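Participant: Pasting target_24.txt below, which is compact mmCIF, C-alpha atoms.
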```txt
# COMPACT_ATOMS: atom_id res chain seq x y z
CA MET A 1054 141.61 1.16 103.90
CA MET A 1055 141.32 1.15 100.12
CA LYS A 1056 144.01 -0.16 97.80
CA ASN A 1057 143.76 0.59 94.08
CA GLY A 1058 140.06 1.33 94.41
CA ASN A 1059 137.66 3.15 92.19
CA MET A 1060 138.06 6.94 92.60
CA ASP A 1061 134.32 7.51 92.94
CA GLU A 1062 134.12 4.98 95.77
CA GLY A 1063 137.23 6.54 97.28
CA PHE A 1064 135.55 9.90 97.28
CA PHE A 1065 132.48 8.49 99.01
CA ILE A 1066 134.65 7.07 101.78
CA LEU A 1067 136.25 10.50 102.15
CA ALA A 1068 132.98 12.45 102.17
CA PRO A 1069 131.93 11.66 105.75
CA ARG A 1070 135.48 12.28 106.93
CA VAL A 1071 135.52 15.84 105.64
CA GLY A 1072 132.18 16.78 107.14
CA LYS A 1073 128.62 17.24 106.00
CA LYS A 1074 129.61 19.42 103.08
CA PHE A 1075 129.01 16.69 100.51
CA PHE A 1076 125.50 15.59 101.48
CA GLY A 1077 124.59 18.86 103.15
CA GLU A 1078 122.12 19.52 105.87
CA GLY A 1079 118.37 19.75 105.51
CA ASP A 1080 118.19 17.87 102.23
CA GLU A 1081 116.44 14.62 101.32
CA PHE A 1082 118.22 12.64 104.03
CA LYS A 1083 117.57 14.82 107.05
CA ASP A 1084 116.66 11.78 109.16
CA LEU A 1085 120.16 10.35 108.57
CA TYR A 1086 123.50 11.42 109.98
CA GLY A 1087 126.65 11.34 107.84
CA SER A 1088 127.88 8.22 109.63
CA GLU A 1089 124.57 6.49 108.90
CA LEU A 1090 124.78 7.41 105.21
CA ALA A 1091 128.30 5.99 105.03
CA VAL A 1092 127.37 2.75 106.81
CA LEU A 1093 124.27 2.27 104.64
CA ARG A 1094 126.39 2.65 101.53
CA ILE A 1095 128.98 0.18 102.85
CA ILE A 1096 126.28 -2.39 103.64
CA SER A 1097 124.66 -1.88 100.25
CA GLY A 1098 127.98 -2.23 98.42
CA SER A 1099 128.93 -5.38 100.30
CA LEU A 1100 125.55 -6.96 99.55
CA ALA A 1101 125.82 -6.02 95.86
CA ALA A 1102 129.23 -7.72 95.80
CA GLY A 1103 127.72 -10.82 97.42
CA GLU A 1104 129.85 -10.35 100.53
CA PRO A 1105 127.67 -9.29 103.47
CA MET A 1106 129.56 -7.60 106.29
CA THR A 1107 129.52 -7.69 110.07
CA VAL A 1108 129.76 -4.79 112.50
CA SER A 1109 133.40 -5.74 113.17
CA GLU A 1110 134.29 -5.68 109.47
CA ILE A 1111 132.71 -2.25 109.00
CA SER A 1112 134.50 -1.02 112.12
CA GLU A 1113 137.83 -2.17 110.73
CA MET A 1114 137.08 -0.76 107.28
CA ILE A 1115 136.26 2.78 108.42
CA GLY A 1116 138.61 2.89 111.40
CA VAL A 1117 136.17 3.49 114.24
CA THR A 1118 135.31 1.38 117.26
CA LYS A 1119 132.96 -1.57 117.03
CA SER A 1120 130.84 0.16 119.67
CA ALA A 1121 130.47 3.26 117.50
CA VAL A 1122 129.41 1.18 114.48
CA SER A 1123 126.98 -0.77 116.68
CA GLN A 1124 125.35 2.49 117.73
CA VAL A 1125 124.96 3.54 114.09
CA ILE A 1126 123.50 0.12 113.20
CA SER A 1127 121.07 0.32 116.14
CA SER A 1128 119.89 3.72 114.92
CA LEU A 1129 119.48 2.41 111.37
CA GLU A 1130 117.49 -0.57 112.67
CA GLU A 1131 115.21 1.77 114.67
CA LYS A 1132 114.64 3.83 111.51
CA GLY A 1133 113.72 0.66 109.62
CA TYR A 1134 116.67 0.62 107.17
CA THR A 1135 118.72 -2.38 108.32
CA TYR A 1136 118.41 -5.71 110.07
CA LYS A 1137 120.75 -8.54 111.10
CA ILE A 1138 120.93 -12.06 109.70
CA LYS A 1139 122.57 -14.99 111.50
CA SER A 1140 125.32 -16.76 109.60
CA GLU A 1141 124.47 -20.30 108.47
CA GLU A 1142 128.02 -21.48 109.32
CA ASP A 1143 128.46 -19.68 112.66
CA LYS A 1144 125.26 -18.79 114.53
CA ARG A 1145 127.20 -16.26 116.65
CA ARG A 1146 128.09 -14.23 113.55
CA MET A 1147 125.56 -11.61 112.45
CA TYR A 1148 125.56 -10.11 108.97
CA LEU A 1149 123.95 -6.79 108.11
CA ALA A 1150 121.23 -6.41 105.49
CA LEU A 1151 118.93 -3.71 104.15
CA THR A 1152 115.16 -3.68 104.55
CA ASP A 1153 112.98 -2.69 101.59
CA ASP A 1154 113.01 0.88 102.98
CA GLY A 1155 116.79 0.64 103.26
CA GLU A 1156 117.08 -0.40 99.63
CA ARG A 1157 114.77 2.43 98.55
CA ILE A 1158 116.72 5.07 100.45
CA MET A 1159 119.98 3.68 99.03
CA GLU A 1160 118.62 4.25 95.53
CA ASP A 1161 117.89 7.86 96.51
CA ILE A 1162 121.29 8.28 98.20
CA ASN A 1163 123.10 6.89 95.16
CA ARG A 1164 121.14 9.15 92.81
CA VAL A 1165 122.01 12.27 94.84
CA TYR A 1166 125.58 11.08 95.40
CA LYS A 1167 126.19 10.62 91.67
CA LYS A 1168 124.74 14.04 90.80
CA ARG A 1169 126.87 15.78 93.42
CA LEU A 1170 129.98 13.79 92.62
CA ASN A 1171 129.63 14.62 88.91
CA TYR A 1172 129.27 18.31 89.77
CA ILE A 1173 132.40 18.25 91.95
CA ARG A 1174 134.36 16.21 89.40
CA LYS A 1175 133.35 18.62 86.60
CA ASN A 1176 134.34 21.70 88.57
CA PHE A 1177 137.53 20.16 89.90
CA GLY A 1178 138.66 18.76 86.58
CA GLU A 1179 139.08 15.03 85.94
CA GLU A 1180 142.83 14.78 86.56
CA GLU A 1181 142.84 17.08 89.57
CA PHE A 1182 139.89 15.25 91.12
CA ASP A 1183 141.53 11.83 90.71
CA GLU A 1184 144.81 13.17 92.09
CA PHE A 1185 143.02 14.77 95.06
CA VAL A 1186 141.24 11.52 95.94
CA ARG A 1187 144.42 9.46 95.46
CA LEU A 1188 146.43 11.77 97.74
CA PHE A 1189 143.70 12.00 100.36
CA ILE A 1190 143.41 8.19 100.47
CA LYS A 1191 147.18 7.99 100.82
CA TYR A 1192 147.01 10.52 103.68
CA ILE A 1193 144.30 8.53 105.49
CA GLU A 1194 146.13 5.23 105.01
CA LEU A 1195 149.31 6.79 106.37
CA CYS A 1196 147.49 8.22 109.39
CA ASP A 1197 145.77 4.87 109.99
CA SER A 1198 149.12 3.06 109.93
CA ILE A 1199 150.81 5.30 112.50
CA ASP A 1200 150.79 4.40 116.19
CA TRP A 1201 150.46 8.00 117.37
CA LYS A 1202 150.99 7.05 121.02
CA ASN A 1203 154.55 6.01 120.21
CA VAL A 1204 155.47 8.79 117.79
CA LYS A 1205 157.82 11.42 119.17
CA ILE A 1206 157.23 14.78 117.58
```
Kindly transcribe the structure held in the file into structure tokens.

Facilitator:
Amino acid sequence: MMKNGNMDEGFFILAPRVGKKFFGEGDEFKDLYGSELAVLRIISGSLAAGEPMTVSEISEMIGVTKSAVSQVISSLEEKGYTYKIKSEEDKRRMYLALTDDGERIMEDINRVYKKRLNYIRKNFGEEEFDEFVRLFIKYIELCDSIDWKNVKI
């Protein structure tokens, strides 16, 4: 999932997994579900790093089926936030990109995210917050690595 990553980015990956508590309901992003917020942020981050992603790569990154990510992408396309670009090297490969509206909403999402994250970090305490994120990431990585069908409890 995330090895030696930035704690703020780690927290963002955790936020959708612990429910809507972080972004809340009825706020600026009421037309977006938590999964859509997370996928938009992943697409935005990959583009900023110069490494556009495919549906399969996002699926692998967040640990959900390709079908589930495809549904989220379809919804984001319908809302006018994303589109697909064919790879120059392999015309079967489709990369995800943000529309102008997608880029604008990402600016808003990042602004709200940073304000809320700073509030949580301040009230948690710097060391406790970093330790919480580190342990939660470790927990998720452990759960992701276990083949639960073959575990005898």

Participant: Separation of atom CA of A:Val1122 and atom CA of A:Tyr1134, in Å?

Facilitator: 14.7 Å

Participant: Please provide as a list in words all residues within 12 Å of A:Gly1098, with the sequence filter that same-chain residues fewer than 4 positions apart are discarded (counting only C-alpha atoms).

Facilitator: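 Near neighbours after the sequence-gap exclusion: Glu1062, Phe1065, Ile1066, Ala1091, Val1092, Leu1093, Arg1094, Ala1102, Gly1103, Glu1104, Pro1105, Met1106, Ile1111, Leu1149, Ala1150, Leu1151, Glu1156, Met1159, Glu1160 and Asn1163 of chain A.
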
Participant: Using only C-alpha atoms, which residue out of A:Gly1116, A:Asn1171, A:Ser1128, A:Leu1085 lies closest to A:Ser1198?

Facilitator: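 When distances to A:Ser1198 are compared using only C-alpha atoms, the smallest one comes from A:Gly1116.
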
Participant: So how far away is atom CA of A:Gly1133 from atom CA of A:Gly1155, in Å?

Facilitator: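 Separation of atom CA of A:Gly1155 and atom CA of A:Gly1133: 7.1 Å.
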
Participant: Given only C-alpha atoms as the basis, pick out the residue of A:Thr1107, A:Phe1182, A:Asp1197, A:Ser1120 nearest to A:Ser1140.

Facilitator: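 For A:Ser1140, the nearest of the given residues is A:Thr1107.
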